[in-house]
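Student: Handing you a structure now.
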Amino acid sequence: MSTQLQLRRAQPSETRATKQWVAANHYLQCAPPGFGFILEFYERGTLIGAHIWGRPQANVMYNPDYVLQLYRVFFVDETQRCVESQALGMARKHIRTWTPGIRLVLSYSDPSVGHEGTIYDADGWCPLGPTKERHDYGFQTHKGRARTVKDISAKLRWVRTP
C-alpha cells in the first residue's frame, strides 16, 4: 500500500510562519522580501506544500495590475509527482475567484538545478524562452537595501492565463 500523500485542500496563509517554512526548505533558502499572498496546501490536516505569489519583479515589462508572479513553490518529498501541477490548477482557480483583474500568471524555472518546468508544462503553461544570464556578482540593491545575489543563472520563463 502506498503511503504517498495526495493534495486535498488549499487555503490562503494567515501567518508568516509558512513563508519561513518555505524559505527554510526551498533550494534557494530564502523567500522574496515582498509578496502578495501565500497559498498553503494540505493533506489530512498536514501542511505539505505552499506557493508564494506577488507582483512581478520586472515591473517595467509586466503591468502588476494584470500580471501575478509565482515566486516560490515548495512541496514535501512524500507527495505524488502530480501534486505540484494540481496545486497550480488550484492556485489559478483561487486567483480567478479572488483577483479577477489578473489576466496572466508568470513563473520561472531554474534548469541549472534540474528544474526544467515540468510542473508548468503539465498544467498547460506556455514557455517563453530563457532569461538572460546575469553577471552582477556580489550585492544588488532593492529599495535602498543591499542584498547578496544568490542565483544569477538563466531561467526559463513560463506564462499562463489564470
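Chain labels follow the order of the C-alpha cells: the first chain is A, the next B, and so on; residue numbering restarts at 1 in every chain, and ligands are counted from 1 in their shown order.
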Counting only C-alpha atoms, what are the residues of stretch 31-86 of chain A within 9 Å of stretch 111-132 of chain A, and for each of them which pair of atoms is the nearest and at what distance in Å, to one decimal? Sort the table by chain and rising number, as CSV.
Tutor:
residue,atom,partner,partner_atom,distance
A:Arg81,CA,A:Ile119,CA,8.9
A:Cys82,CA,A:Ile119,CA,7.7
A:Val83,CA,A:Ile119,CA,8.9
A:Glu84,CA,A:Ile119,CA,6.1
A:Ser85,CA,A:Ile119,CA,5.0
A:Gln86,CA,A:Asp123,CA,7.5
Student: Please produce an output containing C-alpha atoms for each residue in the selection, written as a short mmCIF file (atom, residue, chain, number, x, y, z; two decimals), in the first residue's frame.
Tutor:
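Dumped to part-v3.cif:
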data_model
loop_
_atom_site.label_atom_id
_atom_site.label_comp_id
_atom_site.auth_asym_id
_atom_site.auth_seq_id
_atom_site.Cartn_x
_atom_site.Cartn_y
_atom_site.Cartn_z
CA ARG A 81 4.60 13.64 -8.70
CA CYS A 82 1.41 15.26 -9.99
CA VAL A 83 0.67 17.23 -6.80
CA GLU A 84 2.64 20.33 -7.85
CA SER A 85 0.69 20.62 -11.11
CA GLN A 86 -2.61 20.03 -9.29
#
Student: When DSSP works through the backbone of this structure, what residues of chain A end up as alpha helix (DSSP H), shown as a PyMOL selection string?
Tutor: chain A and resi 17-25+83-98+118-122
Student: Create the file for the chosen residues now, containing C-alpha atoms and written as a PDB file, in the first residue's frame.
Tutor:
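In the end it all went to again-v6.pdb:
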ATOM      1  CA  ALA A  17       5.234  31.018   9.507  1.00  0.00           C
ATOM      2  CA  THR A  18       4.507  29.427   6.130  1.00  0.00           C
ATOM      3  CA  LYS A  19       6.803  31.930   4.401  1.00  0.00           C
ATOM      4  CA  GLN A  20       9.560  30.986   6.843  1.00  0.00           C
ATOM      5  CA  TRP A  21       8.839  27.272   6.283  1.00  0.00           C
ATOM      6  CA  VAL A  22       9.156  27.705   2.504  1.00  0.00           C
ATOM      7  CA  ALA A  23      12.355  29.762   2.883  1.00  0.00           C
ATOM      8  CA  ALA A  24      13.913  27.117   5.129  1.00  0.00           C
ATOM      9  CA  ASN A  25      13.082  24.265   2.748  1.00  0.00           C
ATOM     10  CA  VAL A  83       0.669  17.231  -6.797  1.00  0.00           C
ATOM     11  CA  GLU A  84       2.639  20.329  -7.847  1.00  0.00           C
ATOM     12  CA  SER A  85       0.689  20.622 -11.111  1.00  0.00           C
ATOM     13  CA  GLN A  86      -2.613  20.027  -9.288  1.00  0.00           C
ATOM     14  CA  ALA A  87      -1.638  22.834  -6.901  1.00  0.00           C
ATOM     15  CA  LEU A  88      -1.039  25.159  -9.845  1.00  0.00           C
ATOM     16  CA  GLY A  89      -4.576  24.465 -11.064  1.00  0.00           C
ATOM     17  CA  MET A  90      -5.983  25.135  -7.584  1.00  0.00           C
ATOM     18  CA  ALA A  91      -3.967  28.352  -7.337  1.00  0.00           C
ATOM     19  CA  ARG A  92      -5.252  29.563 -10.705  1.00  0.00           C
ATOM     20  CA  LYS A  93      -8.820  28.935  -9.557  1.00  0.00           C
ATOM     21  CA  HIS A  94      -8.104  30.943  -6.384  1.00  0.00           C
ATOM     22  CA  ILE A  95      -6.672  33.799  -8.489  1.00  0.00           C
ATOM     23  CA  ARG A  96      -9.673  33.806 -10.869  1.00  0.00           C
ATOM     24  CA  THR A  97     -12.042  33.946  -7.895  1.00  0.00           C
ATOM     25  CA  TRP A  98     -10.296  36.454  -5.613  1.00  0.00           C
ATOM     26  CA  THR A 118       7.742  20.003 -15.919  1.00  0.00           C
ATOM     27  CA  ILE A 119       5.050  21.127 -13.446  1.00  0.00           C
ATOM     28  CA  TYR A 120       4.228  24.158 -15.602  1.00  0.00           C
ATOM     29  CA  ASP A 121       4.141  22.113 -18.788  1.00  0.00           C
ATOM     30  CA  ALA A 122       1.805  19.580 -17.138  1.00  0.00           C
TER      31      ALA A 122
END
Student: What does the distance between atom CA of A:Gln57 and atom CA of A:Gly36 come to in Å, to one decimal place?
Tutor: 12.1 Å
